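Q: To be precise about what I am sending: the file is called input-v6.txt and holds compact mmCIF, C-alpha atoms.
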# COMPACT_ATOMS: atom_id res chain seq x y z
CA PHE N 1 14.81 8.08 0.53
CA GLU N 2 17.50 7.83 -2.14
CA ARG N 3 16.95 5.22 -4.82
CA GLY N 4 20.47 4.29 -5.89
CA GLY N 5 20.92 5.22 -9.51
CA VAL N 6 17.24 5.11 -10.46
CA ASN N 7 16.15 8.38 -11.99
CA GLY N 8 12.96 9.90 -10.66
CA SER N 9 10.39 7.18 -11.29
CA LEU N 10 10.10 4.48 -8.79
CA CYS N 11 12.56 1.80 -7.73
CA ILE N 12 9.97 0.72 -5.22
CA SER N 13 7.27 1.42 -7.71
CA PHE N 14 4.11 2.91 -6.20
CA ILE N 15 3.76 2.81 -2.44
CA PHE N 16 0.50 2.41 -0.56
CA ILE N 17 0.62 3.76 2.95
CA PHE N 18 -1.87 2.57 5.54
CA PHE N 19 -2.96 4.22 8.76
CA LEU N 20 -3.48 2.17 11.93
CA LEU N 21 -4.86 3.69 15.12
CA VAL N 22 -2.09 2.42 17.36
CA ASN N 23 0.90 4.03 19.00
CA SER N 24 3.78 4.87 16.69
CA LEU N 25 6.45 2.24 16.45
CA SER N 26 9.91 2.31 17.94
CA CYS N 27 12.54 0.45 16.00
CA MET N 28 14.90 -2.28 17.08
CA GLU N 29 18.66 -2.44 16.91
CA ASP N 30 18.85 -5.23 14.34
CA GLY N 31 17.29 -3.06 11.65
CA LEU N 32 17.99 -1.76 8.18
CA PHE N 33 20.00 1.12 6.84
CA VAL N 34 17.48 3.68 5.57
CA ARG N 35 18.36 7.08 4.17
CA CYS N 36 16.13 9.78 5.58
CA TRP N 37 15.86 13.17 7.23
CA VAL N 38 16.06 13.48 10.98
CA PRO N 39 13.98 16.35 12.39
CA GLY N 40 16.17 18.78 14.28
CA PRO N 41 15.85 22.50 14.92
CA GLY N 42 14.05 23.89 11.90
CA TRP N 43 13.63 20.41 10.41
CA ARG N 44 17.09 20.55 8.86
CA ARG N 45 19.52 17.83 7.92
CA ASP N 46 21.96 17.87 10.78
CA THR N 47 24.96 15.69 11.59
CA ASN N 48 24.72 16.13 15.33
CA VAL N 49 21.03 15.85 16.09
CA ILE N 50 20.36 14.24 19.46
CA GLY N 51 16.81 12.94 19.65
CA GLY N 52 13.95 13.24 17.18
CA ARG N 53 12.02 11.16 14.70
CA CYS N 54 12.73 9.96 11.21
CA PHE N 55 10.35 9.69 8.27
CA VAL N 56 10.97 6.25 6.78
CA LEU N 57 9.27 5.99 3.37
CA GLY N 58 6.74 8.55 4.52
CA GLY N 59 6.11 7.08 7.97
CA GLY N 60 6.82 8.75 11.31
CA SER N 61 9.00 6.05 12.82
CA GLU N 62 11.26 6.40 15.83
CA VAL N 63 14.82 5.45 15.06
CA LEU N 64 17.67 3.88 16.94
CA GLY N 65 21.27 4.95 16.77
CA GLY N 66 23.94 3.35 18.89
CA ARG N 67 22.21 1.24 21.54
CA ARG N 68 19.51 3.45 22.97
CA ARG N 69 15.97 2.76 21.85
CA GLY N 70 13.74 5.45 20.43
CA ARG N 71 16.25 8.28 20.13
CA VAL N 72 18.90 9.27 17.63
CA MET N 73 22.10 8.90 19.64
CA GLY N 74 24.51 9.22 16.75
CA CYS N 75 23.26 7.37 13.71
CA ALA N 76 25.39 4.82 11.92
CA THR N 77 26.35 4.45 8.28
CA PRO N 78 26.95 1.10 6.57
CA SER N 79 30.64 1.89 6.10
CA ASN N 80 31.21 3.26 9.59
CA PRO N 81 28.76 2.00 12.25
CA GLY N 82 30.16 4.43 14.78
CA SER N 83 29.91 7.61 12.75
CA LEU N 84 27.48 10.46 13.32
CA SER N 85 25.35 10.92 10.22
CA SER N 86 21.67 11.79 10.05
CA SER N 87 21.52 10.84 6.37
CA THR N 88 21.50 7.15 7.25
CA VAL N 89 19.77 5.73 10.28
CA ILE N 90 19.05 2.25 11.51
CA ALA N 91 15.35 1.51 11.42
CA ARG N 92 13.09 -1.49 11.15
CA PHE N 93 9.48 -1.77 10.03
CA PRO N 94 7.24 -3.52 12.60
CA SER N 95 6.11 -7.05 11.83
CA HIS N 96 2.44 -7.97 11.32
CA GLU N 97 2.56 -9.79 14.66
CA GLU N 98 3.80 -6.67 16.45
CA LEU N 99 1.14 -4.49 14.82
CA GLY N 100 -1.61 -6.95 15.67
CA GLU N 101 -0.48 -7.05 19.29
CA ARG N 102 -0.47 -3.27 19.49
CA MET N 103 -3.94 -3.02 17.97
CA ALA N 104 -5.25 -5.50 20.54
CA GLN N 105 -3.69 -3.60 23.43
CA LYS N 106 -4.22 0.03 22.38
CA GLY N 107 -7.23 1.43 20.67
CA SER N 108 -5.95 4.89 19.87
CA GLY N 109 -2.83 6.92 19.45
CA GLN N 110 -0.58 8.01 16.61
CA ALA N 111 -0.76 6.26 13.27
CA ASP N 112 1.58 3.48 12.26
CA VAL N 113 2.38 3.31 8.57
CA LEU N 114 2.42 0.10 6.54
CA VAL N 115 4.22 -0.13 3.21
CA TYR N 116 2.73 -1.97 0.23
CA ASP N 117 5.18 -2.55 -2.60
CA THR N 118 4.07 -2.95 -6.23
CA THR N 119 7.44 -3.44 -7.91
CA LEU N 120 6.41 -6.85 -9.25
CA ARG N 121 3.33 -5.48 -11.04
CA ASP N 122 3.49 -1.71 -11.60
CA GLY N 123 7.28 -1.75 -11.65
CA ALA N 124 7.37 -4.59 -14.15
CA GLN N 125 5.33 -2.53 -16.63
CA GLY N 126 8.15 -0.07 -17.28
CA GLU N 127 9.77 0.21 -20.69
CA GLY N 128 12.57 -2.31 -21.16
CA ILE N 129 11.63 -4.31 -18.06
CA SER N 130 11.04 -8.05 -18.39
CA LEU N 131 11.20 -10.13 -15.22
CA SER N 132 11.37 -13.91 -15.23
CA VAL N 133 9.60 -15.96 -12.57
CA GLU N 134 12.95 -16.44 -10.82
CA ASP N 135 13.60 -12.68 -10.95
CA LYS N 136 10.25 -12.01 -9.32
CA VAL N 137 10.85 -14.60 -6.60
CA ARG N 138 14.27 -13.11 -5.75
CA ILE N 139 12.87 -9.57 -5.66
CA ALA N 140 9.98 -10.66 -3.42
CA CYS N 141 12.42 -12.25 -0.97
CA ARG N 142 14.62 -9.15 -0.92
CA LEU N 143 11.60 -6.92 -0.24
CA ASP N 144 10.63 -9.26 2.58
CA THR N 145 14.13 -8.99 4.07
CA PHE N 146 14.00 -5.21 3.68
CA GLY N 147 10.91 -5.08 5.86
CA VAL N 148 8.07 -4.23 3.46
CA HIS N 149 4.72 -5.30 4.92
CA TYR N 150 2.90 -6.20 1.71
CA VAL N 151 4.44 -7.48 -1.54
CA GLU N 152 2.13 -7.41 -4.52
CA GLY N 153 3.17 -10.33 -6.72
CA GLY N 154 1.15 -9.55 -9.83
CA TRP N 155 -2.18 -10.31 -11.50
CA PRO N 156 -2.60 -14.11 -11.61
CA GLY N 157 -5.46 -13.93 -14.10
CA SER N 158 -3.54 -11.85 -16.63
CA ASN N 159 -0.61 -14.03 -17.75
CA PRO N 160 1.01 -17.47 -17.20
CA LYS N 161 4.17 -15.96 -15.68
CA ASP N 162 2.29 -14.39 -12.78
CA ALA N 163 0.31 -17.59 -12.23
CA ALA N 164 3.59 -19.55 -12.08
CA PHE N 165 5.02 -17.04 -9.60
CA PHE N 166 2.15 -17.55 -7.18
CA GLU N 167 2.47 -21.31 -7.46
CA ARG N 168 5.95 -21.01 -5.91
CA PHE N 169 4.40 -19.58 -2.73
CA ALA N 170 1.13 -21.53 -2.63
CA GLY N 171 0.00 -23.95 0.06
CA GLY N 172 1.67 -25.57 3.05
CA GLU N 173 4.30 -27.20 0.83
CA ALA N 174 5.34 -23.88 -0.72
CA VAL N 175 8.75 -23.86 -2.40
CA VAL N 176 9.33 -20.29 -1.18
CA GLN N 177 8.11 -18.73 2.06
CA LEU N 178 8.32 -15.10 3.15
CA ARG N 179 9.49 -14.32 6.68
CA GLN N 180 7.15 -11.45 7.55
CA ALA N 181 5.76 -9.78 4.42
CA ARG N 182 2.28 -10.74 3.26
CA LEU N 183 2.02 -11.75 -0.38
CA VAL N 184 -0.76 -10.05 -2.35
CA ALA N 185 -2.55 -11.11 -5.52
CA PHE N 186 -3.97 -8.24 -7.56
CA GLY N 187 -7.11 -8.40 -9.66
CA SER N 188 -10.42 -6.73 -10.35
CA THR N 189 -13.96 -6.99 -9.08
CA ARG N 190 -16.19 -9.49 -10.87
CA TYR N 191 -17.25 -8.77 -14.44
CA LYS N 192 -20.55 -6.96 -14.90
CA TYR N 193 -23.70 -9.09 -14.71
CA ARG N 194 -21.68 -12.19 -13.82
CA SER N 195 -21.27 -14.05 -10.54
CA CYS N 196 -17.93 -14.43 -8.77
CA GLU N 197 -18.12 -18.19 -9.29
CA GLU N 198 -18.40 -17.66 -13.04
CA ASP N 199 -15.65 -15.05 -13.30
CA ALA N 200 -12.30 -16.49 -14.47
CA ASN N 201 -10.23 -13.63 -13.00
CA VAL N 202 -11.86 -13.94 -9.59
CA GLN N 203 -11.23 -17.68 -9.62
CA ALA N 204 -7.58 -17.12 -10.59
CA LEU N 205 -7.21 -14.80 -7.59
CA LEU N 206 -8.66 -17.48 -5.35
CA ALA N 207 -6.38 -20.16 -6.84
CA ALA N 208 -3.31 -18.02 -6.08
CA GLN N 209 -3.87 -18.87 -2.38
CA THR N 210 -2.39 -15.59 -1.13
CA PRO N 211 -3.39 -14.29 2.32
CA VAL N 212 -4.21 -10.88 0.81
CA VAL N 213 -6.20 -9.89 -2.28
CA THR N 214 -6.33 -6.39 -3.76
CA LEU N 215 -9.35 -5.61 -5.94
CA VAL N 216 -9.31 -2.68 -8.34
CA ALA N 217 -12.73 -1.04 -8.69
CA LYS N 218 -14.14 2.04 -10.36
CA SER N 219 -15.12 4.95 -8.12
CA TRP N 220 -15.68 7.60 -10.82
CA ASP N 221 -19.18 7.50 -12.30
CA MET N 222 -17.90 8.52 -15.74
CA GLN N 223 -15.48 5.57 -15.78
CA VAL N 224 -18.27 3.20 -14.81
CA GLU N 225 -20.62 4.33 -17.57
CA VAL N 226 -18.08 4.99 -20.35
CA VAL N 227 -15.30 2.46 -19.72
CA LEU N 228 -17.11 -0.40 -17.99
CA GLU N 229 -20.37 0.33 -19.83
CA ALA N 230 -22.22 -0.74 -16.72
CA SER N 231 -24.88 0.95 -14.60
CA LEU N 232 -23.85 2.73 -11.43
CA ASP N 233 -25.87 0.28 -9.36
CA GLU N 234 -24.21 -2.72 -11.02
CA ASN N 235 -20.76 -1.31 -10.19
CA ILE N 236 -21.78 -1.04 -6.54
CA ALA N 237 -22.96 -4.65 -6.65
CA MET N 238 -19.69 -5.74 -8.28
CA ILE N 239 -17.73 -4.18 -5.43
CA ARG N 240 -19.94 -5.54 -2.66
CA ASP N 241 -20.16 -9.06 -4.11
CA THR N 242 -16.44 -9.49 -4.78
CA VAL N 243 -15.27 -8.14 -1.42
CA ALA N 244 -17.76 -10.37 0.38
CA TYR N 245 -16.72 -13.39 -1.72
CA PHE N 246 -13.08 -13.15 -0.60
CA LYS N 247 -13.87 -12.23 3.00
CA GLU N 248 -16.03 -15.35 3.28
CA ARG N 249 -12.96 -17.32 2.19
CA GLY N 250 -10.69 -15.84 4.84
CA ARG N 251 -8.73 -13.33 2.78
CA GLU N 252 -7.53 -9.90 3.85
CA VAL N 253 -9.09 -7.66 1.21
CA MET N 254 -8.01 -4.25 -0.04
CA LEU N 255 -10.11 -2.15 -2.39
CA ASP N 256 -8.00 -0.23 -4.92
CA SER N 257 -10.41 2.62 -5.55
CA GLU N 258 -9.36 3.64 -9.04
CA HIS N 259 -9.71 7.31 -10.07
CA PHE N 260 -11.03 8.07 -6.61
CA PHE N 261 -9.92 11.71 -6.39
CA ASP N 262 -11.21 12.57 -9.87
CA GLY N 263 -14.45 10.78 -9.09
CA TYR N 264 -14.80 12.56 -5.75
CA ARG N 265 -14.46 15.96 -7.41
CA GLU N 266 -17.04 15.11 -10.06
CA ASN N 267 -19.56 13.16 -7.97
CA ARG N 268 -18.68 13.05 -4.28
CA GLU N 269 -21.71 11.04 -3.24
CA TYR N 270 -21.13 8.23 -5.72
CA ALA N 271 -17.40 7.98 -4.97
CA MET N 272 -18.19 7.66 -1.26
CA GLN N 273 -20.93 5.16 -2.04
CA THR N 274 -18.37 2.83 -3.66
CA LEU N 275 -16.26 2.95 -0.48
CA ARG N 276 -19.33 2.39 1.66
CA ALA N 277 -20.28 -0.72 -0.32
CA ALA N 278 -16.82 -2.21 0.25
CA ALA N 279 -16.85 -1.31 3.95
CA GLU N 280 -20.25 -2.90 4.45
CA ALA N 281 -18.97 -6.07 2.78
CA GLY N 282 -16.08 -6.25 5.26
CA VAL N 283 -13.14 -4.78 3.34
CA ASP N 284 -9.94 -4.42 5.39
CA VAL N 285 -8.36 -1.43 3.63
CA LEU N 286 -9.83 1.31 1.46
CA VAL N 287 -7.08 2.51 -0.89
CA LEU N 288 -7.63 5.95 -2.43
CA CYS N 289 -6.03 6.18 -5.88
CA ASP N 290 -4.92 9.29 -7.75
CA THR N 291 -4.82 7.24 -10.93
CA ASN N 292 -4.26 10.13 -13.35
CA GLY N 293 -1.60 11.64 -11.09
CA GLY N 294 -3.14 15.09 -11.56
CA SER N 295 -4.21 16.02 -8.02
CA GLN N 296 -2.49 18.68 -5.94
CA PRO N 297 -1.24 18.02 -2.38
CA TRP N 298 -3.86 20.25 -0.75
CA GLU N 299 -6.64 18.44 -2.64
CA ILE N 300 -5.28 15.06 -1.54
CA GLU N 301 -5.09 16.23 2.07
CA GLU N 302 -8.61 17.67 2.13
CA ILE N 303 -10.29 14.70 0.43
CA THR N 304 -8.39 12.10 2.47
CA ARG N 305 -9.43 13.92 5.64
CA GLU N 306 -13.07 13.67 4.53
CA VAL N 307 -12.72 9.93 3.95
CA VAL N 308 -10.99 9.31 7.29
CA THR N 309 -13.76 11.27 9.02
CA ALA N 310 -16.46 9.29 7.23
CA PHE N 311 -14.80 5.92 7.98
CA PRO N 312 -13.19 6.41 11.41
CA TYR N 313 -12.63 2.71 12.11
CA GLN N 314 -11.39 1.77 8.65
CA ARG N 315 -7.77 1.44 7.56
CA ILE N 316 -7.11 3.89 4.73
CA GLY N 317 -4.47 3.66 2.01
CA ILE N 318 -3.05 6.17 -0.44
CA HIS N 319 -1.87 5.25 -3.95
CA CYS N 320 -0.50 8.23 -5.87
CA HIS N 321 0.77 8.15 -9.44
CA ASN N 322 3.69 10.35 -10.40
CA ASP N 323 2.55 11.97 -13.69
CA MET N 324 3.21 15.49 -12.34
CA GLU N 325 6.13 14.46 -10.04
CA LEU N 326 3.82 14.88 -7.03
CA ALA N 327 3.46 11.27 -5.84
CA VAL N 328 5.73 11.75 -2.82
CA ALA N 329 4.23 15.12 -1.84
CA ASN N 330 0.70 13.79 -2.28
CA SER N 331 1.41 10.67 -0.22
CA ILE N 332 2.81 12.77 2.63
CA SER N 333 -0.19 15.10 2.39
CA ALA N 334 -2.55 12.14 2.75
CA ILE N 335 -0.73 10.98 5.88
In structure tokens, what does this structure look like?
A:
Amino acid sequence: FERGGVNGSLCISFIFIFFLLVNSLSCMEDGLFVRCWVPGPGWRRDTNVIGGRCFVLGGGSEVLGGRRRGRVMGCATPSNPGSLSSSTVIARFPSHEELGERMAQKGSGQADVLVYDTTLRDGAQGEGISLSVEDKVRIACRLDTFGVHYVEGGWPGSNPKDAAFFERFAGGEAVVQLRQARLVAFGSTRYKYRSCEEDANVQALLAAQTPVVTLVAKSWDMQVEVVLEASLDENIAMIRDTVAYFKERGREVMLDSEHFFDGYRENREYAMQTLRAAAEAGVDVLVLCDTNGGSQPWEIEEITREVVTAFPYQRIGIHCHNDMELAVANSISAI
């Protein structure tokens, strides 16, 4: 995927990719122009490939060229819809409604991939970047049009600008409404030795009125004891309590398992225990984070396989940082 003019680091900041046990999607004709590779003989870039699949932002999605569904019958470019070019294909991400229907009808099969965009939080932290509330609203709407499944709007408890952004989308009388993307509010688990009702950040997440909440939590025992200065048991309680609090209030909940791969290497049992606590509380997605960006692709693949095996009915996400320029390779390895 070519990010026009943006050098190396992320135009679509960090991407979470989620696995669903449903048949792989086939894309519709009214889709988007997406640059990608089309598998041909020897997995090469080929201008006359007939048939095959296309990896769209890391997902194995069937593509449509011309008018025939599910096969590459001469892909189109924006400048010349009739041209043969495998560098640009027409593809569309499935809607939440389509995915839900598939999950209800089919219990197994190949994995669909959902894209979670963090431009409005991670991306806004880059040097020289300052987004107004209006900037963030416009970007969110463009991401929705593009077909991203989840748009993370920011951390409502951290600053007035993010709180104002969420107000634009809140409630039945919302000023702005997204067509198909789900808006996400990002925050942390409750503070140590404090209830969710007493925690200002948790209450700010609730007040944002988003359908989805992502909770960052520690999964590395060293981080719990040194950074949080909490006991290992209290961290487990923080995860369980906060996930349950939002599930009881009808939210889709994702656990952003910070430093998971480092924690797994140092203390596998405790890292898995943090995931287990979230799963038992009803979490919807367990997101495995390579927060330091120092893991190798084969490590990501092996550890992700262990997690998928341990939680066979759980949606799993991957969140790789790019400190060693391995975020793309590591994300693909996790898939």
Q: Which is closer to Ala277 (chain N) than all the others in N:Asn330, N:Asn201, N:Thr304, N:Asn235, using only C-alpha atoms?
A: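 Checking each candidate against Ala277 (chain N), we get N:Asn235 as the closest.
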Q: Restricting the calculation to all atoms listed in the file, which member of N:Val151, N:Val133, N:Val175, N:Ala208 is positioned closest to Thr119 (chain N)?
A: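 Counting all atoms listed in the file, the residue closest to Thr119 (chain N) is N:Val151.
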Q: In Å to one decimal, how far is CA of Arg190 (chain N) from CA of Phe246 (chain N)?
A: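 Separating CA of Phe246 (chain N) from CA of Arg190 (chain N) is a distance of 11.3 Å.
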Q: Just give me the gap between CA of Gln177 (chain N) and CA of Leu131 (chain N) in Å, one decimal is fine.
A: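 Interatomic distance, CA of Gln177 (chain N) to CA of Leu131 (chain N): 19.5 Å.
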Q: Have a look at N:Val227, N:Ala200, N:Leu120, N:Ala327 and name the one nearest to Leu183 (chain N); count only C-alpha atoms.
A: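 Of N:Val227, N:Ala200, N:Leu120, N:Ala327, the one nearest Leu183 (chain N) is N:Leu120, counting only C-alpha atoms.
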Q: Using only C-alpha atoms, can you tell me which of N:Arg168, N:Arg121, N:Arg265, N:Arg179 comes closest to Gly147 (chain N)?
A: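 Closest candidate: N:Arg179.
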Q: Please determine, counting all atoms listed in the file, which residue among N:Asn159, N:Gln296, N:Val137, N:Arg305 has the shortest atom-to-atom distance to Glu325 (chain N).
A: N:Gln296
Q: So which residues touch Ala204 (chain N) within 9 Å, counting only C-alpha atoms, skipping near sequence neighbours fewer than 3 positions away, as a ChimeraX atom specification?
A: /N:155-158,163,187,199-201,207-208
Q: As an exercise, work out the distance from CA of Tyr270 (chain N) to CA of Ala237 (chain N) in Å and give it to one decimal place.
A: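 Computing it gives 13.0 Å between the two atoms.
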Q: Taking into account all atoms listed in the file, which residue in the set N:Asn267, N:Thr145, N:Gln314, N:Ser257 is nearest to Glu280 (chain N)?
A: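 Among the listed residues, the smallest separation from Glu280 (chain N) belongs to N:Gln314.
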Q: List every residue of region 175-206 of chain N that has an atom at most 9 Å from any atom of region 212-217 of chain N, giving for each one its closest atom pair and the distance in Å to one decimal, counting only C-alpha atoms, sorted by chain and then by ascending residue number, as a Markdown table.
A:
| residue | atom | partner | partner_atom | distance |
| --- | --- | --- | --- | --- |
| N:Arg182 | CA | N:Val212 | CA | 6.9 |
| N:Leu183 | CA | N:Val212 | CA | 6.4 |
| N:Val184 | CA | N:Val212 | CA | 4.8 |
| N:Ala185 | CA | N:Val213 | CA | 5.0 |
| N:Phe186 | CA | N:Thr214 | CA | 4.8 |
| N:Gly187 | CA | N:Leu215 | CA | 5.2 |
| N:Ser188 | CA | N:Val216 | CA | 4.7 |
| N:Thr189 | CA | N:Leu215 | CA | 5.7 |
| N:Leu205 | CA | N:Val213 | CA | 7.3 |
| N:Leu206 | CA | N:Val213 | CA | 8.5 |
Q: Could the residues in this selection be written to a file with C-alpha atoms, as a PDB file, in the frame of the given file?
A:
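Result file follows (again_17.pdb):
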ATOM      1  CA  ARG N 182       2.280 -10.740   3.260  1.00  0.00           C
ATOM      2  CA  LEU N 183       2.020 -11.750  -0.380  1.00  0.00           C
ATOM      3  CA  VAL N 184      -0.760 -10.050  -2.350  1.00  0.00           C
ATOM      4  CA  ALA N 185      -2.550 -11.110  -5.520  1.00  0.00           C
ATOM      5  CA  PHE N 186      -3.970  -8.240  -7.560  1.00  0.00           C
ATOM      6  CA  GLY N 187      -7.110  -8.400  -9.660  1.00  0.00           C
ATOM      7  CA  SER N 188     -10.420  -6.730 -10.350  1.00  0.00           C
ATOM      8  CA  THR N 189     -13.960  -6.990  -9.080  1.00  0.00           C
ATOM      9  CA  LEU N 205      -7.210 -14.800  -7.590  1.00  0.00           C
ATOM     10  CA  LEU N 206      -8.660 -17.480  -5.350  1.00  0.00           C
TER      11      LEU N 206
END
